[in-house]
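Source file query.txt; content: compact mmCIF, C-alpha atoms and all ligand atoms.
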```txt
# COMPACT_ATOMS: atom_id res chain seq x y z
CA MET A 5 0.00 0.00 0.00
CA ARG A 6 1.35 3.44 -1.00
CA PRO A 7 -1.09 6.10 0.26
CA LEU A 8 0.69 9.14 -1.22
CA GLN A 9 1.55 7.54 -4.57
CA SER A 10 -0.93 9.55 -6.64
CA LEU A 11 0.31 12.96 -5.46
CA GLY A 12 2.24 14.83 -8.17
CA SER A 13 4.59 16.82 -5.97
CA LEU A 14 7.46 15.62 -3.81
CA LYS A 15 7.24 18.81 -1.69
CA LEU A 16 3.59 18.13 -0.87
CA LYS A 17 4.39 14.51 0.03
CA LEU A 18 7.20 15.59 2.36
CA GLY A 19 4.96 18.26 3.89
CA ILE A 20 2.24 15.70 4.62
CA VAL A 21 4.77 13.24 6.09
CA ILE A 22 6.31 15.90 8.37
CA VAL A 23 2.96 17.23 9.60
CA ALA A 24 1.70 13.67 10.17
CA ALA A 25 4.89 12.75 12.06
CA VAL A 26 4.59 15.80 14.33
CA TRP A 27 0.89 15.22 15.04
CA ILE A 28 1.30 11.52 15.68
CA THR A 29 4.29 12.06 17.99
CA ALA A 30 2.42 14.74 19.96
CA GLY A 31 -0.89 12.85 20.03
CA ALA A 32 0.63 9.49 20.97
CA THR A 33 2.82 11.04 23.68
CA ILE A 34 -0.15 12.86 25.26
CA ALA A 35 -2.34 9.74 25.03
CA ALA A 36 0.36 7.52 26.57
CA VAL A 37 1.03 9.91 29.44
CA ARG A 38 -2.58 11.03 30.14
CA TRP A 39 -4.64 7.92 29.53
CA LEU A 40 -2.20 5.13 30.07
CA GLY A 41 -0.39 6.91 32.88
CA LEU A 42 3.07 6.09 31.49
CA PRO A 43 6.10 8.17 32.53
CA SER A 44 6.61 11.05 30.06
CA ILE A 45 9.94 9.76 28.73
CA VAL A 46 8.36 6.38 27.90
CA GLY A 47 5.30 8.11 26.39
CA ALA A 48 7.53 10.30 24.20
CA GLY A 49 9.51 7.22 23.08
CA ALA A 50 6.30 5.42 22.16
CA GLY A 51 5.09 8.51 20.25
CA VAL A 52 8.32 8.70 18.26
CA ALA A 53 8.22 4.97 17.46
CA LEU A 54 4.64 5.21 16.25
CA ALA A 55 5.44 8.30 14.14
CA LEU A 56 8.42 6.52 12.53
CA ALA A 57 6.21 3.57 11.64
CA CYS A 58 3.64 5.91 10.04
CA VAL A 59 6.37 7.79 8.12
CA GLN A 60 7.63 4.45 6.85
CA LEU A 61 4.14 3.62 5.59
CA LEU A 62 3.40 7.03 4.07
CA ALA A 63 6.72 7.53 2.30
CA ARG A 64 6.89 3.98 1.00
CA GLY A 65 8.17 3.69 -2.57
CA THR A 66 9.17 7.37 -2.80
CA THR A 67 12.90 6.80 -2.98
CA ARG A 68 12.89 3.35 -4.58
CA PRO A 69 13.35 4.71 -8.14
CA LEU A 70 16.45 6.59 -6.93
CA ARG A 71 18.01 3.40 -5.63
CA GLU A 72 17.08 1.56 -8.83
CA MET A 73 18.56 4.35 -10.97
CA ALA A 74 21.82 4.09 -9.06
CA ALA A 75 21.88 0.32 -9.67
CA VAL A 76 21.08 0.70 -13.40
CA ALA A 77 23.69 3.47 -13.82
CA THR A 78 26.30 1.20 -12.22
CA ALA A 79 25.30 -1.64 -14.56
CA MET A 80 25.54 0.73 -17.57
CA ALA A 81 29.00 1.87 -16.53
CA GLY A 82 29.91 -1.84 -16.70
CA GLY A 83 28.64 -2.05 -20.29
CA GLU A 84 25.20 -3.54 -19.62
CA HIS A 85 22.65 -1.57 -21.64
CA GLY A 86 18.89 -1.63 -21.95
CA ARG A 87 17.83 -2.02 -18.29
CA GLN A 88 14.89 0.10 -17.17
CA VAL A 89 13.67 1.49 -13.84
CA ALA A 90 10.12 0.68 -12.62
CA VAL A 91 8.12 3.92 -12.40
CA SER A 92 5.03 4.05 -10.20
CA SER A 93 4.83 7.61 -8.88
CA ASN A 94 3.81 10.86 -10.58
CA ASP A 95 6.06 13.20 -8.61
CA GLU A 96 9.43 14.65 -9.54
CA VAL A 97 11.21 11.38 -8.71
CA GLY A 98 8.84 9.54 -11.09
CA GLU A 99 9.49 12.21 -13.72
CA LEU A 100 13.24 11.77 -13.26
CA ALA A 101 12.87 7.97 -13.53
CA ARG A 102 10.91 8.33 -16.80
CA ALA A 103 13.58 10.66 -18.25
CA PHE A 104 16.23 8.20 -17.07
CA ASN A 105 14.43 5.36 -18.88
CA ARG A 106 14.28 7.39 -22.10
CA MET A 107 17.99 8.07 -21.80
CA THR A 108 18.89 4.41 -21.22
CA ALA A 109 16.72 3.35 -24.18
CA GLU A 110 18.48 5.86 -26.44
CA LEU A 111 21.90 4.81 -25.22
CA ALA A 112 21.01 1.16 -25.84
CA GLU A 113 19.91 2.05 -29.39
CA THR A 114 23.12 4.03 -30.03
CA ASP A 115 25.13 1.10 -28.74
CA ARG A 116 23.24 -1.29 -31.03
CA LEU A 117 23.85 0.97 -34.06
CA ARG A 118 27.53 1.24 -33.22
CA ARG A 119 27.91 -2.53 -33.02
CA GLU A 120 25.99 -2.95 -36.28
CA LEU A 121 28.19 -0.35 -37.98
CA VAL A 122 31.40 -2.06 -36.83
CA ALA A 123 30.06 -5.43 -38.03
CA ASN A 124 29.04 -4.00 -41.42
CA VAL A 125 32.30 -2.15 -41.92
CA SER A 126 34.37 -5.22 -41.05
CA HIS A 127 32.28 -7.34 -43.40
CA GLU A 128 32.61 -4.86 -46.27
CA LEU A 129 36.36 -4.56 -45.77
CA ARG A 130 36.88 -8.29 -45.44
CA THR A 131 35.29 -9.19 -48.78
CA PRO A 132 37.68 -7.29 -51.11
CA LEU A 133 40.62 -7.99 -48.78
CA GLY A 134 39.87 -11.71 -48.89
CA ALA A 135 39.63 -11.68 -52.69
CA LEU A 136 42.89 -9.75 -52.95
CA GLN A 137 44.65 -12.11 -50.59
CA ALA A 138 43.44 -15.19 -52.49
CA VAL A 139 44.74 -13.83 -55.82
CA LEU A 140 48.07 -12.81 -54.28
CA GLU A 141 48.50 -16.21 -52.64
CA ASN A 142 47.90 -17.93 -55.97
CA VAL A 143 50.53 -15.73 -57.62
CA VAL A 144 53.06 -16.32 -54.82
CA ASP A 145 52.44 -20.10 -54.89
CA GLY A 146 52.86 -20.15 -58.65
CA VAL A 147 49.29 -21.36 -59.22
CA SER A 148 48.53 -18.34 -61.40
CA GLU A 149 50.68 -15.96 -63.36
CA PRO A 150 50.83 -12.25 -62.57
CA ASP A 151 49.34 -11.58 -66.02
CA PRO A 152 47.38 -8.40 -66.88
CA GLU A 153 44.05 -10.12 -66.17
CA THR A 154 45.08 -11.14 -62.62
CA LEU A 155 46.53 -7.70 -61.99
CA ARG A 156 43.29 -6.11 -63.20
CA THR A 157 41.28 -8.17 -60.71
CA MET A 158 43.62 -7.07 -57.94
CA LEU A 159 43.37 -3.46 -59.03
CA ALA A 160 39.55 -3.66 -59.06
CA GLN A 161 39.51 -4.99 -55.49
CA THR A 162 42.00 -2.35 -54.36
CA ARG A 163 39.83 0.35 -55.93
CA ARG A 164 36.81 -1.04 -54.15
CA LEU A 165 38.65 -0.90 -50.85
CA GLY A 166 39.79 2.65 -51.49
CA ARG A 167 36.30 3.77 -52.44
CA LEU A 168 34.78 2.16 -49.37
CA VAL A 169 37.30 3.78 -47.05
CA SER A 170 36.71 7.22 -48.54
CA GLN A 171 32.92 6.75 -48.32
CA LEU A 172 33.24 5.80 -44.66
CA LEU A 173 35.46 8.79 -43.98
CA ASP A 174 32.93 11.00 -45.73
CA LEU A 175 30.06 9.67 -43.66
CA SER A 176 31.86 10.05 -40.36
CA ARG A 177 32.95 13.60 -41.22
CA LEU A 178 29.43 14.50 -42.25
CA GLU A 179 27.97 13.00 -39.09
CA ALA A 180 30.51 14.76 -36.90
CA GLY A 181 29.85 18.05 -38.76
CA GLU A 182 33.58 18.38 -39.41
CA GLN A 183 33.34 19.50 -43.00
CA PRO A 184 31.72 22.89 -43.13
CA PHE A 185 29.85 23.54 -46.36
CA ASP A 186 30.90 26.28 -48.70
CA MET A 187 27.42 27.69 -49.24
CA ARG A 188 26.82 29.90 -52.25
CA SER A 189 24.64 30.40 -55.28
CA PHE A 190 25.13 27.93 -58.10
CA ALA A 191 23.43 26.85 -61.29
CA PRO A 192 21.98 23.31 -60.95
CA ARG A 193 22.23 22.95 -64.72
CA GLU A 194 26.03 23.02 -64.59
CA ILE A 195 26.06 20.36 -61.88
CA LEU A 196 23.83 18.06 -63.94
CA GLU A 197 25.95 18.62 -67.05
CA SER A 198 29.24 17.85 -65.35
CA ALA A 199 27.79 14.76 -63.59
CA ALA A 200 26.49 13.46 -66.93
CA ARG A 201 29.82 14.22 -68.62
CA GLU A 202 31.69 12.19 -66.00
CA ALA A 203 29.18 9.33 -66.13
CA ARG A 204 29.48 9.09 -69.93
CA LEU A 205 33.16 8.19 -69.53
CA HIS A 206 32.32 4.96 -67.66
CA ALA A 207 28.76 4.15 -68.73
CA PRO A 208 28.00 1.64 -71.50
CA GLU A 209 27.58 3.34 -74.86
CA ASP A 210 23.91 2.44 -75.25
CA VAL A 211 22.93 4.26 -72.06
CA VAL A 212 22.07 7.81 -73.10
CA PHE A 213 21.76 10.84 -70.88
CA SER A 214 19.25 13.65 -71.24
CA ILE A 215 19.35 16.92 -69.35
CA ASP A 216 16.42 19.25 -68.93
CA ALA A 217 17.11 22.23 -66.67
CA THR A 218 15.43 25.60 -66.31
CA ALA A 219 18.00 28.09 -67.60
CA ALA A 220 18.18 30.87 -65.02
CA LEU A 221 17.58 28.64 -62.01
CA GLU A 222 19.90 29.25 -59.05
CA ALA A 223 20.16 27.05 -55.98
CA HIS A 224 21.76 27.80 -52.63
CA GLY A 225 24.25 25.25 -51.31
CA ASP A 226 27.71 23.77 -51.61
CA PRO A 227 28.07 22.94 -55.33
CA GLU A 228 30.83 20.37 -54.71
CA ARG A 229 28.63 18.43 -52.29
CA ILE A 230 25.54 18.61 -54.48
CA HIS A 231 27.68 17.40 -57.35
CA GLN A 232 28.65 14.43 -55.19
CA VAL A 233 24.95 13.72 -54.54
CA VAL A 234 24.07 13.84 -58.25
CA VAL A 235 27.06 11.64 -59.14
CA ASN A 236 25.85 9.03 -56.64
CA LEU A 237 22.32 9.10 -58.10
CA VAL A 238 23.55 8.91 -61.69
CA GLU A 239 25.88 6.04 -60.80
CA ASN A 240 22.91 4.07 -59.42
CA ALA A 241 20.74 4.98 -62.42
CA VAL A 242 23.40 3.73 -64.85
CA ARG A 243 23.90 0.54 -62.86
CA TYR A 244 20.21 -0.35 -63.04
CA SER A 245 19.49 1.05 -66.50
CA PRO A 246 18.52 -1.44 -69.22
CA ARG A 247 20.68 -1.55 -72.39
CA PRO A 248 19.78 0.47 -74.35
CA GLY A 249 18.25 2.87 -71.88
CA GLN A 250 17.91 6.48 -70.97
CA VAL A 251 18.94 8.29 -67.80
CA ALA A 252 17.16 11.62 -67.42
CA LEU A 253 18.43 14.47 -65.25
CA ARG A 254 16.14 17.40 -64.51
CA ALA A 255 16.26 20.64 -62.56
CA SER A 256 13.25 22.89 -62.06
CA SER A 257 11.84 25.26 -59.50
CA GLY A 258 9.43 23.74 -57.00
CA ALA A 259 6.97 24.84 -54.35
CA ASP A 260 8.03 26.98 -51.37
CA HIS A 261 10.96 28.60 -53.11
CA SER A 262 12.79 25.33 -53.73
CA VAL A 263 14.88 23.79 -56.48
CA VAL A 264 13.92 20.27 -57.53
CA LEU A 265 16.54 17.91 -58.96
CA GLU A 266 15.42 14.60 -60.43
CA VAL A 267 17.37 11.59 -61.66
CA GLU A 268 15.37 8.95 -63.50
CA ASP A 269 16.13 5.63 -65.11
CA GLU A 270 14.18 2.94 -66.94
CA GLY A 271 15.44 0.02 -64.83
CA PRO A 272 13.47 -2.36 -62.59
CA GLY A 273 12.81 0.40 -60.03
CA ILE A 274 13.14 0.21 -56.27
CA PRO A 275 10.59 -2.14 -54.65
CA ARG A 276 7.85 -0.22 -52.85
CA GLU A 277 8.81 -1.61 -49.44
CA ASP A 278 12.43 -0.44 -49.93
CA LEU A 279 11.72 3.17 -50.91
CA GLU A 280 12.63 4.43 -47.41
CA ARG A 281 15.22 1.85 -46.48
CA VAL A 282 17.54 2.45 -49.45
CA PHE A 283 18.72 5.60 -47.64
CA GLU A 284 19.98 3.58 -44.66
CA ARG A 285 23.68 2.93 -44.33
CA PHE A 286 24.77 -0.39 -45.89
CA TYR A 287 21.27 -1.16 -47.15
CA ARG A 288 21.29 -2.94 -50.47
CA GLY A 289 17.87 -3.78 -51.72
CA ASP A 290 18.76 -6.64 -53.98
CA GLY A 291 20.90 -8.33 -51.35
CA ARG A 292 23.98 -8.44 -53.52
CA ARG A 293 26.22 -8.02 -50.52
CA GLY A 294 29.80 -8.53 -51.53
CA ALA A 295 29.03 -9.20 -55.18
CA ASP A 296 31.28 -7.36 -57.59
CA GLY A 297 28.49 -5.58 -59.39
CA GLY A 298 27.33 -3.54 -56.41
CA GLY A 299 28.78 -1.09 -53.94
CA ALA A 300 28.55 -1.11 -50.17
CA GLY A 301 25.12 0.54 -49.92
CA LEU A 302 26.50 3.88 -48.76
CA GLY A 303 25.84 6.13 -51.77
CA LEU A 304 22.26 7.09 -50.91
CA ALA A 305 23.03 7.36 -47.17
CA ILE A 306 25.73 9.92 -47.97
CA ALA A 307 23.38 11.71 -50.39
CA ARG A 308 20.71 11.98 -47.72
CA TRP A 309 23.14 13.40 -45.14
CA ILE A 310 24.35 16.05 -47.56
CA VAL A 311 20.87 17.04 -48.72
CA GLU A 312 19.42 17.20 -45.20
CA LEU A 313 22.34 19.30 -43.96
CA HIS A 314 21.39 21.72 -46.75
CA GLY A 315 17.87 21.88 -45.33
CA GLY A 316 16.54 19.92 -48.31
CA THR A 317 14.78 16.59 -48.78
CA ILE A 318 15.46 13.45 -50.80
CA ARG A 319 13.03 10.68 -51.66
CA ALA A 320 12.81 7.71 -53.96
CA GLN A 321 9.75 6.80 -55.99
CA ARG A 322 8.71 4.35 -58.64
CA ARG A 323 7.92 5.32 -62.22
CA GLU A 324 5.14 3.82 -64.24
CA PRO A 325 5.35 1.42 -66.01
CA GLN A 326 8.91 0.91 -64.76
CA GLY A 327 12.02 2.69 -63.57
CA SER A 328 12.99 4.68 -60.53
CA GLN A 329 13.11 8.36 -59.79
CA ILE A 330 15.05 10.09 -57.03
CA VAL A 331 13.79 13.57 -56.20
CA VAL A 332 15.96 16.06 -54.32
CA THR A 333 14.74 19.45 -53.16
CA LEU A 334 17.12 22.24 -52.17
CA PRO A 335 16.61 25.84 -51.12
CA GLN A 336 16.55 28.30 -54.02
CA SER A 337 19.07 31.11 -54.04
CA ASP A 338 17.71 34.50 -52.94
CA ALA A 339 20.19 36.42 -55.07
N1 LIG B 1 18.15 3.63 -59.69
C1 LIG B 1 17.92 2.55 -58.94
N2 LIG B 1 17.17 1.51 -59.41
C2 LIG B 1 16.94 0.43 -58.66
N3 LIG B 1 17.42 0.25 -57.40
C3 LIG B 1 18.16 1.23 -56.88
C4 LIG B 1 18.46 2.43 -57.60
N4 LIG B 1 19.20 3.24 -56.80
C5 LIG B 1 19.37 2.57 -55.66
N5 LIG B 1 18.77 1.37 -55.68
C6 LIG B 1 18.74 0.39 -54.57
O1 LIG B 1 19.13 1.04 -53.39
C7 LIG B 1 20.25 0.39 -52.80
C8 LIG B 1 21.10 1.41 -52.08
O2 LIG B 1 21.73 2.30 -52.99
P1 LIG B 1 23.09 3.00 -52.60
O3 LIG B 1 23.48 3.91 -53.68
O4 LIG B 1 22.95 3.55 -51.22
O5 LIG B 1 24.10 1.78 -52.49
P2 LIG B 1 24.86 0.98 -53.62
O6 LIG B 1 24.70 1.67 -54.94
O7 LIG B 1 24.45 -0.44 -53.52
O8 LIG B 1 26.36 1.09 -53.14
P3 LIG B 1 27.32 2.39 -53.21
O9 LIG B 1 26.48 3.55 -53.65
O10 LIG B 1 27.82 2.53 -51.81
O11 LIG B 1 28.36 2.04 -54.17
C9 LIG B 1 20.93 -0.29 -53.96
O12 LIG B 1 21.68 -1.39 -53.53
C10 LIG B 1 19.74 -0.73 -54.80
O13 LIG B 1 19.17 -1.92 -54.29
MG MG B 2 25.04 3.76 -55.13
```
Could I get this file's structure written as structure tokens?
Amino acid sequence: MRPLQSLGSLKLKLGIVIVAAVWITAGATIAAVRWLGLPSIVGAGAGVALALACVQLLARGTTRPLREMAAVATAMAGGEHGRQVAVSSNDEVGELARAFNRMTAELAETDRLRRELVANVSHELRTPLGALQAVLENVVDGVSEPDPETLRTMLAQTRRLGRLVSQLLDLSRLEAGEQPFDMRSFAPREILESAAREARLHAPEDVVFSIDATAALEAHGDPERIHQVVVNLVENAVRYSPRPGQVALRASSGADHSVVLEVEDEGPGIPREDLERVFERFYRGDGRRGADGGGAGLGLAIARWIVELHGGTIRAQRREPQGSQIVVTLPQSDA
């Protein structure tokens, strides 16, 4: 039984306990001396004992969350995450216990993400390293010759490793806010043109690029970073484009003083249930983890970080009858 549990203020609870203790002590002492005829020292002792028993009953459960929080905090310091404190009161101690529970839940989630990240990074690094090691061992053992074909395979794996490491560095710098953006006015058209020019160098010949951009449109942002976003989107579009196929890049002005960039392809499209998840780190919709044809699943995660730090949005949608479309919105330049 916790008589004061429903009260919302610790001060009020303490006030009631103190007043009750004083009244009980006085009342019990008087009763013991007057009616029972006990000596006053014995009567006072009995009054105090009765008051302490009542205080114990009234204040029951008030400090339990504090003791539990201390125990959970000690467990967390030892690396045990995810434990919660039982909350039964509505006063300030209950409020503190609820905030404490929110904090432990968030810390447990951060810890889970960190572990997942380390596992993913190790996995992604191990795959090309393993392939490289196998080829090198064959060459050293004389099983295969260091001919141009073997060297090309090794170079491809080394490139993959290098790309992965620079993507990871990029992500951690973006997350830590270490790379300040060089914000200025720029023409989205130029960004689309240079991204398409670069993509043409590597893309199969029967994938064609089309650019449609409003001429005088000016966006506000870091052109280098937005270029990186568009390059990532175009790279995906080319990878999934049918042969022959068309990759379309568009820039136009949108609602609320925004610039809208779109990259479209005619490939299979992103499955409806993956439209959100493709922006997660290491998420690869088609499950081609470690296969040579795909990357690590970081391109769209990096794109989302950059766009959101610009105060913009990025989303993926499906095209009818087929194909995918990534839509980026950025603030328009005021100049
Ligand atoms: N244009 C597209 N058409 C179909 N699926 C796509 C397209 N773009 C992205 N996806 C899906 O989203 C996933 C995540 O894309 P993301 O760019 O983040 O990673 P990735 O291209 O696999 O690797 P990385 O970009 O790190 O080299 C892809 O693996 C793919 O399944
Ligand atoms: Mg990609």
- Write out as a PyMOL selection string each polymer residue (protein, DNA or RNA) that has an atom no more than 10 Å from ligand MG 2 (chain B), with all atoms listed in the file counted. chain A and resi 233+235-243+282-283+288+298-307
- Task: Considering only C-alpha atoms and all ligand atoms, state which residue in the set A:Ala255, A:Met73, A:Ala223, A:Val125 is at the smallest distance from ligand LIG 1 (chain B).
- Result: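 Result for the nearest residue to ligand LIG 1 (chain B): A:Val125.
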- Message: Counting only C-alpha atoms and all ligand atoms, which residue out of A:Leu334, A:Val169, A:Ala75, A:Ala259 sits closest to ligand LIG 1 (chain B)?
- Response: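 Counting only C-alpha atoms and all ligand atoms, the residue closest to ligand LIG 1 (chain B) is A:Val169.
Candidate residues A:Glu266, A:Glu277, A:Glu284, A:Glu153 were compared for distance to ligand LIG 1 (chain B), and the nearest is A:Glu284, using all atoms listed in the file.
In this model, the gap between atom CA of A:Arg167 and atom CA of A:Leu205 comes to 17.9 Å.
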- From the set A:Val251, A:Ala35, A:Leu70, A:Leu173, which residue has the shortest atom-to-atom contact distance to A:Asp210, counting all atoms listed in the file?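 Using all atoms listed in the file, the shortest distance to A:Asp210 belongs to A:Val251.
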- Item | Point (39.3, -0.6, -53.8) neighbourhood (12 Å, only C-alpha atoms) written as a PyMOL selection string | chain A and resi 128-133+135-136+156-171+296+299-300
Would you save the residues from that selection as a PDB file, in the frame of the given file, using C-alpha atoms?
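Printed below is out.pdb as written:
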```
ATOM      1  CA  GLU A 128      32.610  -4.860 -46.270  1.00  0.00           C
ATOM      2  CA  LEU A 129      36.360  -4.560 -45.770  1.00  0.00           C
ATOM      3  CA  ARG A 130      36.880  -8.290 -45.440  1.00  0.00           C
ATOM      4  CA  THR A 131      35.290  -9.190 -48.780  1.00  0.00           C
ATOM      5  CA  PRO A 132      37.680  -7.290 -51.110  1.00  0.00           C
ATOM      6  CA  LEU A 133      40.620  -7.990 -48.780  1.00  0.00           C
ATOM      7  CA  ALA A 135      39.630 -11.680 -52.690  1.00  0.00           C
ATOM      8  CA  LEU A 136      42.890  -9.750 -52.950  1.00  0.00           C
ATOM      9  CA  ARG A 156      43.290  -6.110 -63.200  1.00  0.00           C
ATOM     10  CA  THR A 157      41.280  -8.170 -60.710  1.00  0.00           C
ATOM     11  CA  MET A 158      43.620  -7.070 -57.940  1.00  0.00           C
ATOM     12  CA  LEU A 159      43.370  -3.460 -59.030  1.00  0.00           C
ATOM     13  CA  ALA A 160      39.550  -3.660 -59.060  1.00  0.00           C
ATOM     14  CA  GLN A 161      39.510  -4.990 -55.490  1.00  0.00           C
ATOM     15  CA  THR A 162      42.000  -2.350 -54.360  1.00  0.00           C
ATOM     16  CA  ARG A 163      39.830   0.350 -55.930  1.00  0.00           C
ATOM     17  CA  ARG A 164      36.810  -1.040 -54.150  1.00  0.00           C
ATOM     18  CA  LEU A 165      38.650  -0.900 -50.850  1.00  0.00           C
ATOM     19  CA  GLY A 166      39.790   2.650 -51.490  1.00  0.00           C
ATOM     20  CA  ARG A 167      36.300   3.770 -52.440  1.00  0.00           C
ATOM     21  CA  LEU A 168      34.780   2.160 -49.370  1.00  0.00           C
ATOM     22  CA  VAL A 169      37.300   3.780 -47.050  1.00  0.00           C
ATOM     23  CA  SER A 170      36.710   7.220 -48.540  1.00  0.00           C
ATOM     24  CA  GLN A 171      32.920   6.750 -48.320  1.00  0.00           C
ATOM     25  CA  ASP A 296      31.280  -7.360 -57.590  1.00  0.00           C
ATOM     26  CA  GLY A 299      28.780  -1.090 -53.940  1.00  0.00           C
ATOM     27  CA  ALA A 300      28.550  -1.110 -50.170  1.00  0.00           C
TER      28      ALA A 300
END
```
- Item | Residue contacts of A:Gln326 (10 Å, only C-alpha atoms) excluding same-chain residues fewer than 2 positions away, as a PyMOL selection string | chain A and resi 269-274+322-324+328-329
- Which is closer to A:Pro246 than all the others in A:Val311, A:Glu209, A:Ala180, A:Arg229, using all atoms listed in the file?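 The shortest atom-to-atom distance to A:Pro246 comes from A:Glu209.
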- Item | Nearest-residue call for ligand LIG 1 (chain B), choices A:Leu172, A:Leu313, A:Val212, A:Val97, using all atoms listed in the file | A:Leu172
- Task: Work out how far atom CA of A:Gly19 is from atom CA of A:Pro69, in Å to one decimal.
- Result: 20.0 Å
- Task: Record the distance separating atom CA of A:Val59 and atom CA of A:Ala103, expressed in Å with one decimal.
- Result: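 Going from atom CA of A:Val59 over to atom CA of A:Ala103 covers 27.5 Å.
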- Task: Pull the neighbourhood of (23.1, 17.0, -51.8) for me: all residues within 9 Å in file coordinates, counting only C-alpha atoms, as a VMD selection string.
- Result: chain A and resid 225 to 234 306 to 314 316 to 318 332 to 334
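The protein and nucleic acid residues lying at most 6 Å from stretch 84-92 of chain A are Ala79, Gly98, Asn105, Ala109 and Ala112 of chain A, with all atoms listed in the file considered and sequence neighbours fewer than 5 positions away removed.
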- Message: When you look at A:Glu194 with a cut-off of 10 Å (counting all atoms listed in the file), what residues show up, excluding the ones that are within fewer than 4 positions of it in the same chain? I need them as a ChimeraX atom specification.
- Response: /A:190,198-200,217,219,227,231
Keeping only C-alpha atoms, take the residues you just selected and write them out as a compact mmCIF listing (two decimals), in the coordinates of the input.
```txt
# COMPACT_ATOMS: atom_id res chain seq x y z
CA PHE A 190 25.13 27.93 -58.10
CA SER A 198 29.24 17.85 -65.35
CA ALA A 199 27.79 14.76 -63.59
CA ALA A 200 26.49 13.46 -66.93
CA ALA A 217 17.11 22.23 -66.67
CA ALA A 219 18.00 28.09 -67.60
CA PRO A 227 28.07 22.94 -55.33
CA HIS A 231 27.68 17.40 -57.35
```
